[in-house]
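The file query05.cif comes next; it holds mmCIF, C-alpha atoms (C1' of nucleotides).
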data_data
#
loop_
_atom_site.label_atom_id
_atom_site.label_comp_id
_atom_site.auth_asym_id
_atom_site.auth_seq_id
_atom_site.Cartn_x
_atom_site.Cartn_y
_atom_site.Cartn_z
CA MET L 1 6.74 -8.94 4.72
CA SER L 2 9.00 -6.57 2.78
CA LEU L 3 10.10 -4.34 5.63
CA ARG L 4 11.98 -7.34 6.93
CA HIS L 5 13.84 -7.68 3.66
CA ALA L 6 14.47 -3.98 3.38
CA VAL L 7 16.25 -4.17 6.73
CA LEU L 8 18.26 -7.21 5.68
CA GLY L 9 19.19 -5.41 2.48
CA LEU L 10 20.44 -2.31 4.24
CA LEU L 11 22.49 -4.42 6.62
CA THR L 12 24.43 -5.81 3.66
CA GLU L 13 26.26 -2.47 3.66
CA GLY L 14 27.54 -3.14 7.16
CA PRO L 15 26.37 -3.34 10.77
CA ALA L 16 24.03 -0.63 11.96
CA SER L 17 21.77 0.32 14.85
CA GLY L 18 18.05 0.98 14.60
CA TYR L 19 18.83 4.64 14.69
CA ASP L 20 21.34 4.31 11.85
CA LEU L 21 18.87 2.30 9.80
CA LEU L 22 16.17 4.87 10.25
CA LYS L 23 18.42 7.47 8.67
CA LEU L 24 19.41 5.04 5.94
CA PHE L 25 15.77 4.42 5.15
CA ASP L 26 15.12 8.13 4.88
CA ALA L 27 18.16 8.65 2.71
CA SER L 28 17.73 5.79 0.30
CA LEU L 29 14.64 3.61 0.48
CA SER L 30 12.03 6.10 1.56
CA ASN L 31 10.73 6.46 -1.98
CA VAL L 32 10.04 2.79 -2.44
CA TRP L 33 9.61 1.54 1.11
CA PRO L 34 9.29 4.04 3.94
CA ALA L 35 9.60 2.89 7.54
CA THR L 36 8.82 4.50 10.84
CA GLN L 37 10.98 4.32 13.91
CA SER L 38 8.36 2.23 15.68
CA GLN L 39 8.23 -0.34 12.98
CA LEU L 40 11.96 -0.55 12.64
CA TYR L 41 12.76 -1.35 16.25
CA GLY L 42 10.05 -3.98 16.30
CA GLU L 43 11.32 -5.57 13.15
CA LEU L 44 14.92 -5.63 14.39
CA SER L 45 13.81 -7.53 17.49
CA LYS L 46 11.90 -10.03 15.40
CA LEU L 47 14.80 -10.50 12.99
CA ALA L 48 17.16 -11.13 15.88
CA ASP L 49 14.70 -13.62 17.41
CA ALA L 50 14.43 -15.34 14.05
CA GLY L 51 18.20 -15.63 13.89
CA LEU L 52 18.62 -13.68 10.66
CA ILE L 53 20.66 -10.91 12.24
CA THR L 54 22.95 -10.78 15.27
CA VAL L 55 23.76 -8.10 17.82
CA SER L 56 27.35 -7.38 16.83
CA ALA L 57 28.17 -4.63 19.30
CA GLU L 58 26.67 -2.58 22.09
CA GLY L 59 27.47 1.07 22.54
CA PRO L 60 26.57 4.04 24.70
CA ARG L 61 22.93 4.88 25.41
CA GLY L 62 21.89 1.28 24.96
CA ARG L 63 22.94 1.34 21.33
CA LYS L 64 22.68 -2.08 19.76
CA GLU L 65 24.44 -2.65 16.50
CA TYR L 66 23.04 -5.42 14.38
CA ALA L 67 24.90 -7.38 11.73
CA LEU L 68 23.55 -9.53 8.94
CA ASN L 69 24.51 -13.17 9.29
CA ASP L 70 24.59 -16.02 6.77
CA GLU L 71 21.00 -17.01 7.39
CA GLY L 72 19.91 -13.42 6.85
CA LEU L 73 21.80 -13.06 3.61
CA ALA L 74 20.41 -16.38 2.36
CA GLU L 75 16.90 -15.20 3.20
CA LEU L 76 17.48 -11.91 1.39
CA ARG L 77 18.66 -13.73 -1.74
CA ARG L 78 15.76 -16.13 -1.58
CA TRP L 79 13.34 -13.22 -1.36
CA ILE L 80 14.93 -11.39 -4.29
CA LEU L 81 14.96 -14.35 -6.62
CA GLU L 82 12.09 -16.56 -5.57
CA VAL L 83 9.34 -14.35 -4.22
CA GLU L 84 7.26 -12.77 -6.94
CA PRO L 85 7.01 -9.01 -6.39
CA ALA L 86 3.49 -7.82 -5.69
CA ARG L 87 2.44 -5.15 -8.10
CA PRO L 88 1.30 -1.95 -6.42
CA LEU L 89 -2.42 -2.35 -5.99
CA ARG L 90 -3.76 0.86 -4.60
CA ASN L 91 -3.71 4.26 -6.20
CA ASP L 92 -6.10 6.79 -4.77
CA MET L 93 -5.27 9.35 -7.46
CA LEU L 94 -6.71 6.93 -10.03
CA LEU L 95 -9.58 5.97 -7.77
CA ARG L 96 -10.73 9.58 -7.85
CA VAL L 97 -10.56 9.53 -11.64
CA PHE L 98 -13.31 6.89 -11.72
CA PHE L 99 -15.61 9.28 -9.90
CA LEU L 100 -14.87 12.53 -11.71
CA ALA L 101 -18.36 12.57 -13.20
CA GLN L 102 -19.50 13.62 -9.73
CA VAL L 103 -17.86 17.04 -9.99
CA ASP L 104 -18.13 19.80 -12.61
CA PRO L 105 -16.20 19.13 -15.82
CA GLU L 106 -14.11 22.21 -15.12
CA GLN L 107 -13.22 20.85 -11.68
CA ALA L 108 -12.44 17.47 -13.21
CA ARG L 109 -10.05 19.09 -15.68
CA SER L 110 -8.46 21.02 -12.88
CA TYR L 111 -8.00 17.82 -10.89
CA ILE L 112 -6.20 16.19 -13.79
CA ARG L 113 -4.07 19.27 -14.36
CA ASP L 114 -3.03 19.14 -10.71
CA GLN L 115 -1.78 15.60 -11.22
CA ALA L 116 0.54 16.80 -13.96
CA ALA L 117 1.87 19.45 -11.59
CA ILE L 118 2.37 16.89 -8.84
CA GLY L 119 4.27 14.71 -11.32
CA ARG L 120 6.51 17.63 -12.21
CA LYS L 121 7.16 18.42 -8.58
CA TYR L 122 8.02 14.85 -7.71
CA GLN L 123 10.29 14.69 -10.73
CA GLU L 124 12.22 17.66 -9.35
CA HIS L 125 12.48 15.88 -6.03
CA LEU L 126 13.98 12.85 -7.76
CA GLU L 127 16.37 14.99 -9.75
CA GLY L 128 17.55 16.45 -6.46
CA ILE L 129 18.33 12.95 -5.24
CA ARG L 130 20.17 12.19 -8.46
CA GLU L 131 22.42 15.17 -7.93
CA ARG L 132 23.00 14.29 -4.34
CA ILE L 133 24.13 10.74 -5.01
CA GLY L 134 26.22 11.92 -7.97
CA SER L 135 28.38 9.03 -9.06
CA ASP L 136 28.67 7.24 -5.74
CA THR L 137 29.83 3.71 -6.27
CA ASP L 138 28.38 1.84 -3.31
CA ASN L 139 25.95 -0.94 -4.14
CA LEU L 140 22.89 0.90 -2.92
CA SER L 141 23.66 3.96 -5.04
CA THR L 142 24.61 1.94 -8.11
CA TYR L 143 21.40 -0.03 -8.14
CA GLY L 144 19.46 2.81 -6.60
CA ARG L 145 20.14 4.71 -9.80
CA LEU L 146 18.09 2.11 -11.68
CA ALA L 147 15.22 2.66 -9.27
CA LEU L 148 15.64 6.40 -9.63
CA GLU L 149 15.39 6.16 -13.39
CA TRP L 150 12.20 4.19 -12.94
CA GLY L 151 10.83 7.05 -10.90
CA LEU L 152 11.84 9.64 -13.45
CA ARG L 153 10.23 7.72 -16.28
CA PHE L 154 7.18 7.17 -14.15
CA THR L 155 6.71 10.86 -13.42
CA ARG L 156 7.19 11.71 -17.08
CA THR L 157 4.52 9.18 -18.01
CA GLN L 158 2.21 10.66 -15.42
CA GLN L 159 2.62 14.15 -16.87
CA GLU L 160 2.03 12.99 -20.43
CA TRP L 161 -1.00 11.04 -19.35
CA ALA L 162 -2.44 14.03 -17.50
CA GLU L 163 -2.06 16.24 -20.56
CA TRP L 164 -3.77 13.62 -22.69
CA ALA L 165 -6.53 13.03 -20.15
CA GLU L 166 -7.27 16.73 -19.72
CA GLU L 167 -7.89 16.91 -23.46
CA GLN L 168 -10.17 13.87 -23.29
CA ILE L 169 -12.50 15.54 -20.83
CA ARG L 170 -13.41 18.27 -23.31
CA MET V 1 -9.59 6.08 4.32
CA SER V 2 -10.11 5.51 0.61
CA LEU V 3 -12.15 2.35 0.79
CA ARG V 4 -14.87 4.48 2.29
CA HIS V 5 -14.79 6.78 -0.72
CA ALA V 6 -14.59 3.94 -3.20
CA VAL V 7 -17.85 2.65 -1.74
CA LEU V 8 -19.47 6.07 -1.89
CA GLY V 9 -18.31 6.41 -5.48
CA LEU V 10 -19.79 3.10 -6.57
CA LEU V 11 -23.07 3.95 -4.91
CA THR V 12 -23.39 6.99 -7.16
CA GLU V 13 -24.40 4.50 -9.87
CA GLY V 14 -27.40 3.44 -7.81
CA PRO V 15 -28.30 1.53 -4.64
CA ALA V 16 -26.53 -1.76 -4.07
CA SER V 17 -25.97 -4.44 -1.45
CA GLY V 18 -22.61 -5.48 -0.04
CA TYR V 19 -22.75 -8.45 -2.33
CA ASP V 20 -23.43 -6.26 -5.37
CA LEU V 21 -20.61 -3.92 -4.43
CA LEU V 22 -18.16 -6.76 -4.10
CA LYS V 23 -18.83 -7.70 -7.70
CA LEU V 24 -18.63 -4.08 -8.77
CA PHE V 25 -15.26 -3.75 -7.09
CA ASP V 26 -13.99 -6.82 -8.89
CA ALA V 27 -15.35 -5.61 -12.20
CA SER V 28 -14.19 -2.03 -12.09
CA LEU V 29 -12.02 -0.83 -9.23
CA SER V 30 -9.99 -3.92 -8.46
CA ASN V 31 -6.99 -2.58 -10.37
CA VAL V 32 -6.76 0.62 -8.39
CA TRP V 33 -8.45 -0.26 -5.12
CA PRO V 34 -9.26 -3.90 -4.36
CA ALA V 35 -11.56 -4.79 -1.49
CA THR V 36 -12.35 -8.00 0.28
CA GLN V 37 -15.80 -9.11 1.32
CA SER V 38 -14.86 -8.74 4.96
CA GLN V 39 -13.74 -5.20 4.59
CA LEU V 40 -16.74 -4.20 2.55
CA TYR V 41 -19.39 -5.31 4.99
CA GLY V 42 -17.55 -3.60 7.80
CA GLU V 43 -17.25 -0.38 5.87
CA LEU V 44 -20.91 -0.39 4.90
CA SER V 45 -21.89 -0.62 8.56
CA LYS V 46 -19.58 2.24 9.44
CA LEU V 47 -20.86 4.39 6.58
CA ALA V 48 -24.44 3.79 7.65
CA ASP V 49 -23.55 4.66 11.26
CA ALA V 50 -21.86 7.82 10.03
CA GLY V 51 -25.00 8.77 8.13
CA LEU V 52 -23.36 8.91 4.70
CA ILE V 53 -25.47 6.09 3.27
CA THR V 54 -28.92 4.77 4.06
CA VAL V 55 -30.50 1.33 3.97
CA SER V 56 -32.89 1.84 1.08
CA ALA V 57 -34.41 -1.63 0.88
CA GLU V 58 -34.25 -5.06 2.45
CA GLY V 59 -34.59 -8.21 0.42
CA PRO V 60 -34.49 -11.97 0.79
CA ARG V 61 -31.66 -13.64 2.72
CA GLY V 62 -31.14 -10.58 4.84
CA ARG V 63 -30.13 -8.53 1.81
CA LYS V 64 -29.64 -4.90 2.66
CA GLU V 65 -29.53 -2.41 -0.14
CA TYR V 66 -27.70 0.79 0.59
CA ALA V 67 -28.20 4.13 -1.12
CA LEU V 68 -25.97 7.17 -1.18
CA ASN V 69 -27.55 10.18 0.48
CA ASP V 70 -26.77 13.90 0.23
CA GLU V 71 -24.21 13.81 3.03
CA GLY V 72 -22.46 10.91 1.32
CA LEU V 73 -22.32 12.64 -2.03
CA ALA V 74 -21.02 15.81 -0.42
CA GLU V 75 -18.31 13.82 1.35
CA LEU V 76 -17.34 12.13 -1.92
CA ARG V 77 -17.00 15.47 -3.69
CA ARG V 78 -15.02 16.93 -0.82
CA TRP V 79 -12.65 13.99 -0.95
CA ILE V 80 -12.17 14.26 -4.70
CA LEU V 81 -11.48 17.96 -4.74
CA GLU V 82 -9.96 18.78 -1.40
CA VAL V 83 -8.00 15.77 -0.22
CA GLU V 84 -4.59 15.53 -1.81
CA PRO V 85 -4.07 12.06 -3.29
CA ALA V 86 -1.30 10.11 -1.60
CA ARG V 87 1.27 8.95 -4.08
CA PRO V 88 1.86 5.20 -4.00
CA LEU V 89 4.69 4.71 -1.55
CA ARG V 90 5.59 1.09 -1.59
CA ASN V 91 6.94 -0.90 -4.46
CA ASP V 92 8.63 -4.14 -3.59
CA MET V 93 9.73 -4.72 -7.17
CA LEU V 94 11.89 -1.58 -6.90
CA LEU V 95 12.95 -2.44 -3.37
CA ARG V 96 14.55 -5.60 -4.72
CA VAL V 97 16.36 -3.53 -7.34
CA PHE V 98 18.28 -1.74 -4.59
CA PHE V 99 19.67 -5.06 -3.42
CA LEU V 100 20.51 -6.69 -6.73
CA ALA V 101 24.23 -6.51 -5.93
CA GLN V 102 23.56 -9.41 -3.55
CA VAL V 103 22.89 -11.86 -6.38
CA ASP V 104 24.92 -12.83 -9.46
CA PRO V 105 24.85 -10.26 -12.26
CA GLU V 106 23.24 -12.87 -14.48
CA GLN V 107 20.49 -13.40 -11.91
CA ALA V 108 20.08 -9.66 -11.57
CA ARG V 109 19.60 -9.31 -15.32
CA SER V 110 17.15 -12.15 -15.28
CA TYR V 111 15.20 -10.44 -12.50
CA ILE V 112 14.92 -7.26 -14.54
CA ARG V 113 13.94 -9.19 -17.63
CA ASP V 114 11.15 -10.83 -15.65
CA GLN V 115 9.79 -7.41 -14.80
CA ALA V 116 9.47 -6.59 -18.48
CA ALA V 117 7.54 -9.82 -18.97
CA ILE V 118 5.27 -9.03 -16.04
CA GLY V 119 4.62 -5.61 -17.56
CA ARG V 120 3.70 -7.21 -20.86
CA LYS V 121 1.37 -9.67 -19.18
CA TYR V 122 -0.39 -6.99 -17.17
CA GLN V 123 -0.72 -4.92 -20.31
CA GLU V 124 -2.58 -7.80 -21.95
CA HIS V 125 -4.82 -8.01 -18.92
CA LEU V 126 -5.66 -4.33 -19.29
CA GLU V 127 -6.27 -4.67 -23.00
CA GLY V 128 -8.74 -7.43 -22.16
CA ILE V 129 -10.60 -5.01 -19.92
CA ARG V 130 -10.59 -2.38 -22.65
CA GLU V 131 -12.27 -4.79 -25.04
CA ARG V 132 -14.78 -5.84 -22.44
CA ILE V 133 -15.95 -2.33 -21.61
CA GLY V 134 -16.00 -1.41 -25.30
CA SER V 135 -17.69 1.94 -25.65
CA ASP V 136 -19.96 1.73 -22.62
CA THR V 137 -21.25 5.14 -21.73
CA ASP V 138 -21.86 4.91 -17.98
CA ASN V 139 -19.83 7.26 -15.82
CA LEU V 140 -17.60 4.57 -14.38
CA SER V 141 -16.65 3.28 -17.83
CA THR V 142 -16.18 6.73 -19.31
CA TYR V 143 -13.80 7.87 -16.63
CA GLY V 144 -12.50 4.36 -16.09
CA ARG V 145 -11.10 4.58 -19.60
CA LEU V 146 -8.83 7.39 -18.43
CA ALA V 147 -7.57 5.19 -15.62
CA LEU V 148 -7.14 2.32 -18.04
CA GLU V 149 -5.01 4.46 -20.31
CA TRP V 150 -2.89 5.35 -17.31
CA GLY V 151 -2.34 1.66 -16.72
CA LEU V 152 -1.43 1.00 -20.33
CA ARG V 153 1.08 3.83 -20.38
CA PHE V 154 2.44 2.67 -17.06
CA THR V 155 3.04 -0.88 -18.25
CA ARG V 156 4.69 0.41 -21.40
CA THR V 157 7.00 2.57 -19.31
CA GLN V 158 7.83 -0.41 -17.13
CA GLN V 159 8.80 -2.49 -20.14
CA GLU V 160 10.96 0.24 -21.63
CA TRP V 161 12.63 0.83 -18.30
CA ALA V 162 13.35 -2.88 -17.86
CA GLU V 163 15.00 -3.07 -21.28
CA TRP V 164 17.10 -0.05 -20.45
CA ALA V 165 17.98 -1.34 -16.99
CA GLU V 166 18.99 -4.76 -18.25
CA GLU V 167 21.49 -3.05 -20.55
CA GLN V 168 22.82 -0.96 -17.66
CA ILE V 169 23.75 -4.02 -15.66
CA ARG V 170 26.26 -5.11 -18.30
"C1'" DG H 1 24.65 23.13 32.94
"C1'" DG H 2 21.69 23.30 28.97
"C1'" DG H 3 20.54 22.02 24.29
"C1'" DG H 4 20.69 19.02 20.63
"C1'" DG H 5 21.17 14.84 18.96
"C1'" DC H 6 21.46 9.78 19.99
"C1'" DA H 7 18.91 5.82 21.20
"C1'" DT H 8 15.34 2.59 22.33
"C1'" DG H 9 11.06 1.11 23.46
"C1'" DT H 10 5.59 0.71 24.19
"C1'" DA H 11 0.61 1.61 23.30
"C1'" DA H 12 -3.43 2.45 20.73
"C1'" DA H 13 -5.90 2.84 16.51
"C1'" DT H 14 -6.77 1.71 11.83
"C1'" DC H 15 -6.47 -1.02 7.81
"C1'" DG H 16 -6.10 -5.19 5.26
"C1'" DT H 17 -5.95 -10.35 4.52
"C1'" DT H 18 -7.41 -14.96 5.36
"C1'" DA H 19 -10.25 -18.07 7.25
"C1'" DC H 20 -14.30 -19.53 9.48
"C1'" DA H 21 -19.28 -19.80 10.07
"C1'" DT H 22 -23.98 -19.79 8.78
"C1'" DG H 23 -27.96 -20.05 6.28
"C1'" DA H 24 -31.59 -18.80 2.60
"C1'" DT H 25 -33.02 -18.99 -2.22
"C1'" DT H 26 -32.86 -20.20 -6.91
"C1'" DT H 27 -31.69 -23.15 -10.62
"C1'" DT H 28 -31.01 -27.55 -12.73
"C1'" DA F 1 -32.84 -33.32 -4.22
"C1'" DA F 2 -28.51 -31.35 -5.03
"C1'" DA F 3 -25.71 -27.70 -6.53
"C1'" DA F 4 -24.88 -23.08 -7.34
"C1'" DT F 5 -25.43 -18.68 -5.96
"C1'" DC F 6 -26.90 -15.10 -2.87
"C1'" DA F 7 -25.94 -12.92 1.37
"C1'" DT F 8 -24.05 -11.42 5.73
"C1'" DG F 9 -21.20 -11.52 9.44
"C1'" DT F 10 -17.09 -12.53 12.92
"C1'" DA F 11 -12.37 -13.68 14.48
"C1'" DA F 12 -7.52 -13.73 14.34
"C1'" DC F 13 -3.40 -12.02 12.68
"C1'" DG F 14 -0.14 -8.89 10.69
"C1'" DA F 15 1.25 -4.27 8.92
"C1'" DT F 16 1.31 0.69 9.44
"C1'" DT F 17 0.80 5.16 11.60
"C1'" DT F 18 0.86 8.30 15.37
"C1'" DA F 19 1.78 9.39 19.76
"C1'" DC F 20 3.78 8.78 24.07
"C1'" DA F 21 7.64 7.84 27.22
"C1'" DT F 22 12.25 7.77 28.78
"C1'" DG F 23 16.87 8.74 29.28
"C1'" DC F 24 21.95 9.09 28.00
"C1'" DC F 25 25.87 11.47 26.03
"C1'" DC F 26 28.48 15.14 23.97
"C1'" DC F 27 29.46 19.79 22.77
"C1'" DC F 28 29.34 24.60 23.78
#
What would the structure in this file look like if it were written as structure tokens?
Amino acid sequence: MSLRHAVLGLLTEGPASGYDLLKLFDASLSNVWPATQSQLYGELSKLADAGLITVSAEGPRGRKEYALNDEGLAELRRWILEVEPARPLRNDMLLRVFFLAQVDPEQARSYIRDQAAIGRKYQEHLEGIRERIGSDTDNLSTYGRLALEWGLRFTRTQQEWAEWAEEQIR
Amino acid sequence: MSLRHAVLGLLTEGPASGYDLLKLFDASLSNVWPATQSQLYGELSKLADAGLITVSAEGPRGRKEYALNDEGLAELRRWILEVEPARPLRNDMLLRVFFLAQVDPEQARSYIRDQAAIGRKYQEHLEGIRERIGSDTDNLSTYGRLALEWGLRFTRTQQEWAEWAEEQIR
DNA sequence: GGGGGCATGTAAATCGTTACATGATTTT
DNA sequence: AAAATCATGTAACGATTTACATGCCCCC
């Protein structure tokens, strides 16, 4: 049920169309909650039906601009404060680790080494984002920086772990 | 498609029924790849249809014991070595962070503080597992220890991040 | 007038969760 | 004899991904 709240959250920055939101997702939330075009339009319809957002304007090419209303903002706040976040459950990189005895030790080490490299690469990706948002002061960027820092620490931990784990396999 | 490979991986330890596998999932993989009973029985049927596992014995109460065959083991190895792991995409704890401007700063700080507590609690859960597996020498435990260490480092990172982030909000 | 971007929508397939349904066997 | 455990399966619903389908508007 989080896509719904991601949409509500983005609409706090102002009214937007499905098309606008799709770009916003790609630009800001894609690292913690990606959304496809398909999903987005469906969710906007449902949110409007549920009375949490309102069509605030219609433009050319059937453009529908949606705005957050009071009910929507209340629901967003409720979700933030009262719904316990679900911890990420699935990690197929770690799932493979459980089964590394099924490949040669050298291949296992190589697998782990690759995970360090992937961590490094993703870290660079995040550093690119950090440069791009610079010191923007909008709400999404301000708090997004906290999420970004989480990602950077996470990738660093992944690299350190991979170095440690590669040693363990010897 | 990873449930399929989780099943293949568990069957490397020996033949097992759906019922056995469900317990194995709960005991070993539930932290990286949980599975429900429903899903498991369905996947076993599909794997048997696909010729990656074989019914190796039938027991009382309609018990069907499945065994990994050569095709299944080959597929498992292929998946480990050749399929790039997908990084975890969704994290609703971080999604909420993006929207913390919508609640009082004091509530935002409290939210972050809660995440440190959740990290601590999950860390204790993992330490419990570490004690329970002790120095077991089966493949799943040996490599599972690497995954466990990942989890412990991850929870530590989460706690450190939360302390840092709480400061940032001031 | 053509190309690129704007804009929305639907359909099909797969995966995952929850709940329902059933019944046999073993243990106390 | 009852309770616990073993054991499998189906149905309904919701989320996600990928692909398909359509067409308008603006700039060059």
Could you tell me, as a PyMOL selection string, which residues have any atom at most 10 Å from (27.1, -5.6, -4.7), counting all atoms listed in the file? (chain L and resi 12-13+137-140+142-143) or (chain V and resi 98-105)
Residue selection dump (C-alpha atoms) as an mmCIF file, in the frame of the given file:
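selection_39.cif was written with the following content:
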data_model
loop_
_atom_site.group_PDB
_atom_site.id
_atom_site.type_symbol
_atom_site.label_atom_id
_atom_site.label_comp_id
_atom_site.auth_asym_id
_atom_site.auth_seq_id
_atom_site.Cartn_x
_atom_site.Cartn_y
_atom_site.Cartn_z
ATOM 1 C CA THR L 12 24.430 -5.810 3.660
ATOM 2 C CA GLU L 13 26.260 -2.470 3.660
ATOM 3 C CA THR L 137 29.830 3.710 -6.270
ATOM 4 C CA ASP L 138 28.380 1.840 -3.310
ATOM 5 C CA ASN L 139 25.950 -0.940 -4.140
ATOM 6 C CA LEU L 140 22.890 0.900 -2.920
ATOM 7 C CA THR L 142 24.610 1.940 -8.110
ATOM 8 C CA TYR L 143 21.400 -0.030 -8.140
ATOM 9 C CA PHE V 98 18.280 -1.740 -4.590
ATOM 10 C CA PHE V 99 19.670 -5.060 -3.420
ATOM 11 C CA LEU V 100 20.510 -6.690 -6.730
ATOM 12 C CA ALA V 101 24.230 -6.510 -5.930
ATOM 13 C CA GLN V 102 23.560 -9.410 -3.550
ATOM 14 C CA VAL V 103 22.890 -11.860 -6.380
ATOM 15 C CA ASP V 104 24.920 -12.830 -9.460
ATOM 16 C CA PRO V 105 24.850 -10.260 -12.260
#
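You will find atom CA of V:Tyr111 at 8.7 Å from atom CA of V:Val97.
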Can you measure atom CA of L:Leu47 to atom C1' of H:DA11 for me? One decimal in Å is fine. 21.3 Å
Hey, could you make a per-residue contact list for chain V against chain H with 10 Å as the cut-off, showing the nearest pair of atoms and its distance in Å to one decimal, counting all atoms listed in the file, sorted by chain and number, as JSON lines?
{"residue": "V:Met1", "atom": "CA", "partner": "H:DC15", "partner_atom": "C1'", "distance": 8.5}
{"residue": "V:Leu3", "atom": "CA", "partner": "H:DC15", "partner_atom": "C1'", "distance": 9.6}
{"residue": "V:Ala35", "atom": "CA", "partner": "H:DG16", "partner_atom": "C1'", "distance": 8.7}
{"residue": "V:Thr36", "atom": "CA", "partner": "H:DT17", "partner_atom": "C1'", "distance": 8.0}
{"residue": "V:Ser38", "atom": "CA", "partner": "H:DT17", "partner_atom": "C1'", "distance": 9.1}
{"residue": "V:Gln39", "atom": "CA", "partner": "H:DG16", "partner_atom": "C1'", "distance": 7.7}
{"residue": "V:Pro60", "atom": "CA", "partner": "H:DA24", "partner_atom": "C1'", "distance": 7.6}
{"residue": "V:Arg61", "atom": "CA", "partner": "H:DA24", "partner_atom": "C1'", "distance": 5.2}
{"residue": "V:Gly62", "atom": "CA", "partner": "H:DA24", "partner_atom": "C1'", "distance": 8.5}
Please check the contacts: residues of chain V at most 10 Å away from chain F, using only C-alpha atoms (C1' of nucleotides), listed as a PyMOL selection string. chain V and resi 17-20+37-38+41-42+59-64
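Neighbours of L:Phe25 closer than or equal to 8 Å, with only C-alpha atoms (C1' of nucleotides) counted and sequence neighbours fewer than 5 positions away skipped, come out as Ser30, Trp33, Pro34 and Ala35 of chain L.
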